[in-house]
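**Student:** Here it is, the structure in full.
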Amino acid sequence: MCAVCDAGGFTNAGEMLNLTQSTVSHQIRRLEERTGRRLLERTTRAVRLTVDGEILLADARRILDLVAEAEARFSSEPARGEIRLGVPEEIACRALPGALVRFRSLQPGLRVAVTVGLSQTLRTRVDQGSIDLAILKDVPAKRGTLAAGPLVWAGAKRLAEERVLRLAFFPEPCEYRCHVSQLLERMGRRYEIVMTSTSCESLRAAAKEELALVILPRAECSPEMRLDESVSDLPKLPRSGYRMHPQEPRKKVVADLKDLIATYL
């Protein structure tokens with residue numbers, strides 16, 4: 001069940017677990033039969049947790065954490081050293097603290113050195129060997145993307161109706177900035193970038209105070225800030241998510257950290 005939620009569906013979960021999609025579906029059905037509750041709502045496009053599913057998922061993650069902690073405690077040679085991790089700012093603020101606290105309890109001899117930065121910059125540093133593992137934004141979300149969800153426009157409706165759109169973005173290279181610029185140019189909408197910031201909070205403030213329109217993941221945008229697509233002449237935004245780079249870390253301890261972070265996204 002954890003794999004289905006982390007991978008975003010039965011097929012991706014099967015690839016993650018090296019099982020067929022039908023085997024994963026069968027195991028979920030057996031779990032629902034044993035609990036006597038419906039745990040997942042299945043549609044043609046997505047798999048969503050029911051209320052009972054969310055409760056069981058939280059219990060399942062705690063059980064897996066305890067198993068991993070016990071295995072680490074009784075391993076003959078505890079790992080030591082440093083893992084260099086790169087993350088975008090929103091992950092550093094949201095998912096990373098809990099993941100690192102758990103990882104520290106599992107691997108007390110390892111130090112995780114975190115670098116916060118833009119995805120394309122972090123990817124380059126991984127390729128150059130100065131970072132071991134990076135979490136990168138994936139826009140538009142592709143198969144296997146973690147924590148995938150829609151992007152939305154945030155800000156005042158009146159800004160969306162202006163002849164020249166005022167926008168705020170992260171500095172280049174920025175995935176949202178590149179993709180949205182192409183969409184606007186394709187539909188002939190004029191725009192100007194009135195604010196560039198490395199801080200998520202300053203971008204949210206720009207939207208809240210009606211300084212500029214910003215692009216945010218729907219899950220990180222409050223309803224009052226969100227623009228209704230049906231009343232705004234703005235391009236439809238793609239889904240966004242995260243992926244790990246490299247996908248297959250060479251060191252087991254880095255792979256363990258990768259798997260743990262994926263459960264917190």
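In the structure tokens, chains take the letters A, B, ... in the order shown, each chain's residues start at 1, and ligands count up from 1 in the order shown.
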Skip A:Phe170 itself and residues of its chain fewer than 3 positions away, then list as a list in words all residues within 7 Å of it, counting only C-alpha atoms.
**Tutor:** Cys174, Thr196, Ser197 and Thr198 of chain A
**Student:** Can you spit out the residues from that selection as a PDB file, in the first residue's frame, using C-alpha atoms?
**Tutor:**
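The result, stored in result.pdb:
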```pdb
ATOM      1  CA  CYS A 174      13.891  27.722 -12.888  1.00  0.00           C
ATOM      2  CA  THR A 196      12.895  37.336  -8.704  1.00  0.00           C
ATOM      3  CA  SER A 197      13.528  35.626  -5.386  1.00  0.00           C
ATOM      4  CA  THR A 198      15.086  32.458  -3.997  1.00  0.00           C
TER       5      THR A 198
END
```
**Student:** Quick one: pick out all strand (DSSP E) residues within stretch 15-80 of chain A from a backbone DSSP run and write them as a ChimeraX atom specification.
**Tutor:** /A:40-42,47-49
**Student:** Restrict the selected residues to N, CA and C atoms and save them as a compact mmCIF listing (two decimals), in the first residue's frame.
**Tutor:**
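Produced file result35.txt, reproduced below:
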```
# COMPACT_ATOMS: atom_id res chain seq x y z
N LEU A 40 -8.68 2.38 -1.00
CA LEU A 40 -8.29 3.20 -2.15
C LEU A 40 -9.48 3.43 -3.06
N GLU A 41 -9.58 4.65 -3.59
CA GLU A 41 -10.55 4.97 -4.63
C GLU A 41 -9.82 4.96 -5.95
N ARG A 42 -10.25 4.11 -6.87
CA ARG A 42 -9.57 3.96 -8.15
C ARG A 42 -10.35 4.66 -9.25
N VAL A 47 -5.20 7.17 -8.30
CA VAL A 47 -5.57 6.35 -7.15
C VAL A 47 -5.52 7.25 -5.92
N ARG A 48 -6.62 7.32 -5.19
CA ARG A 48 -6.69 8.20 -4.02
C ARG A 48 -7.03 7.40 -2.77
N LEU A 49 -6.46 7.81 -1.67
CA LEU A 49 -6.74 7.17 -0.39
C LEU A 49 -8.11 7.57 0.13
```
**Student:** Assign secondary structure with DSSP using the backbone only, and return the residues of stretch 33-227 of chain A in helix (DSSP H, G or I) as a tab-separated table (two decimals) with N, CA and C atoms, in the first residue's frame.
**Tutor:**
```tsv
chain	number	residue	atom	x	y	z
A	33	GLU	N	-10.00	-6.78	2.07
A	33	GLU	CA	-10.84	-7.86	2.59
A	33	GLU	C	-10.53	-8.12	4.06
A	34	ARG	N	-9.25	-8.09	4.42
A	34	ARG	CA	-8.85	-8.36	5.80
A	34	ARG	C	-9.29	-7.25	6.74
A	35	THR	N	-9.23	-6.01	6.28
A	35	THR	CA	-9.63	-4.89	7.14
A	35	THR	C	-11.13	-4.65	7.11
A	51	VAL	N	-10.53	7.79	3.68
A	51	VAL	CA	-10.20	8.17	5.06
A	51	VAL	C	-9.59	6.98	5.80
A	52	ASP	N	-10.18	5.81	5.64
A	52	ASP	CA	-9.61	4.61	6.28
A	52	ASP	C	-8.24	4.29	5.71
A	53	GLY	N	-8.05	4.54	4.42
A	53	GLY	CA	-6.75	4.30	3.80
A	53	GLY	C	-5.67	5.20	4.37
A	54	GLU	N	-6.01	6.46	4.62
A	54	GLU	CA	-5.04	7.39	5.20
A	54	GLU	C	-4.61	6.94	6.60
A	55	ILE	N	-5.58	6.46	7.36
A	55	ILE	CA	-5.26	5.97	8.72
A	55	ILE	C	-4.34	4.77	8.66
A	56	LEU	N	-4.67	3.81	7.78
A	56	LEU	CA	-3.85	2.60	7.67
A	56	LEU	C	-2.48	2.91	7.11
A	57	LEU	N	-2.40	3.85	6.16
A	57	LEU	CA	-1.10	4.22	5.59
A	57	LEU	C	-0.17	4.77	6.66
A	58	ALA	N	-0.70	5.63	7.54
A	58	ALA	CA	0.12	6.18	8.62
A	58	ALA	C	0.63	5.06	9.53
A	59	ASP	N	-0.24	4.08	9.84
A	59	ASP	CA	0.19	2.94	10.66
A	59	ASP	C	1.25	2.12	9.93
A	60	ALA	N	1.04	1.91	8.64
A	60	ALA	CA	1.99	1.10	7.86
A	60	ALA	C	3.37	1.75	7.82
A	61	ARG	N	3.41	3.08	7.66
A	61	ARG	CA	4.70	3.76	7.63
A	61	ARG	C	5.41	3.64	8.97
A	62	ARG	N	4.67	3.75	10.06
A	62	ARG	CA	5.30	3.59	11.38
A	62	ARG	C	5.88	2.19	11.54
A	63	ILE	N	5.16	1.19	11.06
A	63	ILE	CA	5.65	-0.19	11.15
A	63	ILE	C	6.93	-0.36	10.33
A	64	LEU	N	6.94	0.16	9.11
A	64	LEU	CA	8.12	0.05	8.26
A	64	LEU	C	9.31	0.79	8.89
A	65	ASP	N	9.04	1.95	9.49
A	65	ASP	CA	10.11	2.70	10.15
A	65	ASP	C	10.70	1.90	11.31
A	66	LEU	N	9.84	1.24	12.08
A	66	LEU	CA	10.32	0.45	13.21
A	66	LEU	C	11.15	-0.74	12.74
A	67	VAL	N	10.71	-1.38	11.65
A	67	VAL	CA	11.48	-2.51	11.10
A	67	VAL	C	12.85	-2.04	10.64
A	68	ALA	N	12.88	-0.91	9.91
A	68	ALA	CA	14.15	-0.38	9.43
A	68	ALA	C	15.05	0.03	10.59
A	69	GLU	N	14.45	0.61	11.63
A	69	GLU	CA	15.24	1.02	12.78
A	69	GLU	C	15.85	-0.18	13.50
A	70	ALA	N	15.07	-1.26	13.62
A	70	ALA	CA	15.58	-2.48	14.27
A	70	ALA	C	16.71	-3.09	13.45
A	71	GLU	N	16.54	-3.13	12.14
A	71	GLU	CA	17.59	-3.68	11.27
A	71	GLU	C	18.88	-2.88	11.39
A	72	ALA	N	18.73	-1.55	11.43
A	72	ALA	CA	19.92	-0.70	11.54
A	72	ALA	C	20.61	-0.88	12.89
A	73	ARG	N	19.81	-1.03	13.94
A	73	ARG	CA	20.37	-1.14	15.29
A	73	ARG	C	21.21	-2.40	15.45
A	89	GLU	N	14.04	24.59	-1.99
A	89	GLU	CA	13.68	25.20	-0.71
A	89	GLU	C	12.41	24.65	-0.10
A	90	GLU	N	11.38	24.42	-0.92
A	90	GLU	CA	10.11	23.96	-0.35
A	90	GLU	C	10.24	22.59	0.30
A	91	ILE	N	11.14	21.74	-0.22
A	91	ILE	CA	11.37	20.44	0.40
A	91	ILE	C	12.13	20.60	1.71
A	92	ALA	N	13.08	21.54	1.73
A	92	ALA	CA	13.84	21.80	2.95
A	92	ALA	C	12.91	22.26	4.07
A	93	CYS	N	11.86	23.00	3.73
A	93	CYS	CA	10.94	23.53	4.73
A	93	CYS	C	9.87	22.52	5.13
A	96	LEU	N	11.74	17.59	4.48
A	96	LEU	CA	13.09	17.16	4.86
A	96	LEU	C	13.30	17.02	6.37
A	97	PRO	N	12.85	17.96	7.20
A	97	PRO	CA	13.16	17.83	8.64
A	97	PRO	C	12.73	16.49	9.24
A	98	GLY	N	11.50	16.06	8.97
A	98	GLY	CA	11.04	14.78	9.51
A	98	GLY	C	11.84	13.61	8.99
A	99	ALA	N	12.17	13.66	7.70
A	99	ALA	CA	12.95	12.57	7.11
A	99	ALA	C	14.34	12.48	7.73
A	100	LEU	N	14.98	13.64	7.98
A	100	LEU	CA	16.33	13.62	8.54
A	100	LEU	C	16.34	13.17	10.00
A	101	VAL	N	15.31	13.56	10.74
A	101	VAL	CA	15.22	13.10	12.13
A	101	VAL	C	15.12	11.58	12.17
A	102	ARG	N	14.28	11.01	11.30
A	102	ARG	CA	14.14	9.56	11.25
A	102	ARG	C	15.44	8.89	10.78
A	103	PHE	N	16.08	9.48	9.76
A	103	PHE	CA	17.32	8.89	9.24
A	103	PHE	C	18.41	8.92	10.30
A	104	ARG	N	18.47	9.98	11.09
A	104	ARG	CA	19.49	10.07	12.14
A	104	ARG	C	19.30	8.97	13.19
A	105	SER	N	18.04	8.64	13.47
A	105	SER	CA	17.79	7.56	14.44
A	105	SER	C	18.18	6.21	13.87
A	106	LEU	N	18.09	6.07	12.54
A	106	LEU	CA	18.45	4.81	11.90
A	106	LEU	C	19.94	4.69	11.66
A	119	SER	N	16.84	23.32	-8.83
A	119	SER	CA	16.96	21.94	-9.30
A	119	SER	C	18.06	21.75	-10.34
A	120	GLN	N	18.09	22.62	-11.35
A	120	GLN	CA	19.08	22.44	-12.41
A	120	GLN	C	20.51	22.63	-11.89
A	121	THR	N	20.67	23.54	-10.94
A	121	THR	CA	21.99	23.73	-10.32
A	121	THR	C	22.39	22.50	-9.52
A	122	LEU	N	21.43	21.93	-8.78
A	122	LEU	CA	21.71	20.74	-7.98
A	122	LEU	C	22.05	19.54	-8.87
A	123	ARG	N	21.34	19.43	-9.99
A	123	ARG	CA	21.63	18.32	-10.91
A	123	ARG	C	23.07	18.41	-11.41
A	124	THR	N	23.50	19.61	-11.76
A	124	THR	CA	24.87	19.80	-12.25
A	124	THR	C	25.88	19.40	-11.18
A	125	ARG	N	25.59	19.75	-9.93
A	125	ARG	CA	26.52	19.42	-8.85
A	125	ARG	C	26.58	17.90	-8.60
A	126	VAL	N	25.44	17.21	-8.77
A	126	VAL	CA	25.48	15.75	-8.67
A	126	VAL	C	26.35	15.18	-9.78
A	127	ASP	N	26.15	15.67	-11.00
A	127	ASP	CA	26.92	15.17	-12.15
A	127	ASP	C	28.42	15.45	-11.98
A	128	GLN	N	28.73	16.55	-11.29
A	128	GLN	CA	30.13	16.91	-11.06
A	128	GLN	C	30.74	16.17	-9.87
A	157	LYS	N	-7.13	38.28	-9.01
A	157	LYS	CA	-7.79	38.11	-10.30
A	157	LYS	C	-7.54	39.30	-11.22
A	158	ARG	N	-7.48	40.50	-10.64
A	158	ARG	CA	-7.30	41.69	-11.48
A	158	ARG	C	-5.95	41.67	-12.19
A	159	LEU	N	-4.95	41.05	-11.58
A	159	LEU	CA	-3.64	40.95	-12.24
A	159	LEU	C	-3.70	40.06	-13.47
A	160	ALA	N	-4.57	39.03	-13.41
A	160	ALA	CA	-4.71	38.13	-14.55
A	160	ALA	C	-5.42	38.81	-15.71
A	175	GLU	N	12.52	25.77	-13.41
A	175	GLU	CA	11.66	24.95	-14.25
A	175	GLU	C	10.31	25.61	-14.49
A	176	TYR	N	9.70	26.17	-13.43
A	176	TYR	CA	8.40	26.83	-13.59
A	176	TYR	C	8.53	28.01	-14.55
A	177	ARG	N	9.56	28.81	-14.35
A	177	ARG	CA	9.77	30.01	-15.16
A	177	ARG	C	9.92	29.65	-16.64
A	178	CYS	N	10.73	28.67	-16.93
A	178	CYS	CA	10.98	28.27	-18.32
A	178	CYS	C	9.70	27.76	-18.97
A	179	HIS	N	8.97	26.87	-18.29
A	179	HIS	CA	7.79	26.26	-18.86
A	179	HIS	C	6.67	27.27	-19.06
A	180	VAL	N	6.41	28.11	-18.06
A	180	VAL	CA	5.32	29.08	-18.15
A	180	VAL	C	5.62	30.15	-19.19
A	181	SER	N	6.87	30.56	-19.29
A	181	SER	CA	7.24	31.55	-20.32
A	181	SER	C	6.91	31.02	-21.71
A	182	GLN	N	7.20	29.75	-21.95
A	182	GLN	CA	6.90	29.15	-23.25
A	182	GLN	C	5.40	29.11	-23.50
A	183	LEU	N	4.61	28.78	-22.47
A	183	LEU	CA	3.16	28.73	-22.62
A	183	LEU	C	2.59	30.10	-22.96
A	184	LEU	N	3.05	31.13	-22.26
A	184	LEU	CA	2.55	32.48	-22.48
A	184	LEU	C	2.93	32.99	-23.87
A	185	GLU	N	4.15	32.73	-24.27
A	185	GLU	CA	4.60	33.19	-25.59
A	185	GLU	C	3.84	32.47	-26.70
A	186	ARG	N	3.50	31.20	-26.46
A	186	ARG	CA	2.77	30.43	-27.46
A	186	ARG	C	1.36	30.99	-27.68
A	187	MET	N	0.73	31.50	-26.60
A	187	MET	CA	-0.62	32.03	-26.73
A	187	MET	C	-0.63	33.55	-26.95
A	200	CYS	N	10.57	30.94	-1.18
A	200	CYS	CA	9.16	30.60	-1.42
A	200	CYS	C	8.24	31.58	-0.70
A	201	GLU	N	8.61	31.95	0.52
A	201	GLU	CA	7.74	32.83	1.31
A	201	GLU	C	7.61	34.20	0.68
A	202	SER	N	8.68	34.73	0.10
A	202	SER	CA	8.60	36.04	-0.54
A	202	SER	C	7.73	35.98	-1.79
A	203	LEU	N	7.75	34.85	-2.51
A	203	LEU	CA	6.89	34.70	-3.68
A	203	LEU	C	5.42	34.61	-3.25
A	204	ARG	N	5.15	33.90	-2.18
A	204	ARG	CA	3.78	33.84	-1.67
A	204	ARG	C	3.31	35.23	-1.23
A	205	ALA	N	4.21	35.98	-0.61
A	205	ALA	CA	3.86	37.33	-0.18
A	205	ALA	C	3.55	38.22	-1.38
A	206	ALA	N	4.29	38.05	-2.47
A	206	ALA	CA	4.04	38.83	-3.68
A	206	ALA	C	2.65	38.56	-4.23
A	207	ALA	N	2.23	37.29	-4.15
A	207	ALA	CA	0.88	36.94	-4.60
A	207	ALA	C	-0.18	37.47	-3.64
A	208	LYS	N	0.05	37.31	-2.35
A	208	LYS	CA	-0.92	37.72	-1.34
A	208	LYS	C	-1.13	39.22	-1.34
A	218	ARG	N	-0.44	23.08	-6.26
A	218	ARG	CA	-1.76	23.25	-5.66
A	218	ARG	C	-1.75	22.90	-4.17
A	219	ALA	N	-1.00	21.87	-3.82
A	219	ALA	CA	-0.95	21.44	-2.42
A	219	ALA	C	-0.32	22.49	-1.51
A	220	GLU	N	0.45	23.43	-2.07
A	220	GLU	CA	1.14	24.44	-1.27
A	220	GLU	C	0.52	25.82	-1.43
A	223	PRO	N	-6.52	28.13	-0.66
A	223	PRO	CA	-7.63	28.36	-1.60
A	223	PRO	C	-7.89	29.83	-1.90
A	224	GLU	N	-7.71	30.71	-0.91
A	224	GLU	CA	-7.98	32.12	-1.15
A	224	GLU	C	-6.98	32.78	-2.09
A	225	MET	N	-5.80	32.20	-2.23
A	225	MET	CA	-4.79	32.74	-3.15
A	225	MET	C	-4.92	32.18	-4.55
```
**Student:** Got a sec: who's within 8 Å of stretch 249-255 of chain A, counting only C-alpha atoms, leaving out chain neighbours fewer than 3 positions off, as a ChimeraX atom specification?
**Tutor:** /A:79,83,132-133,246,258-259
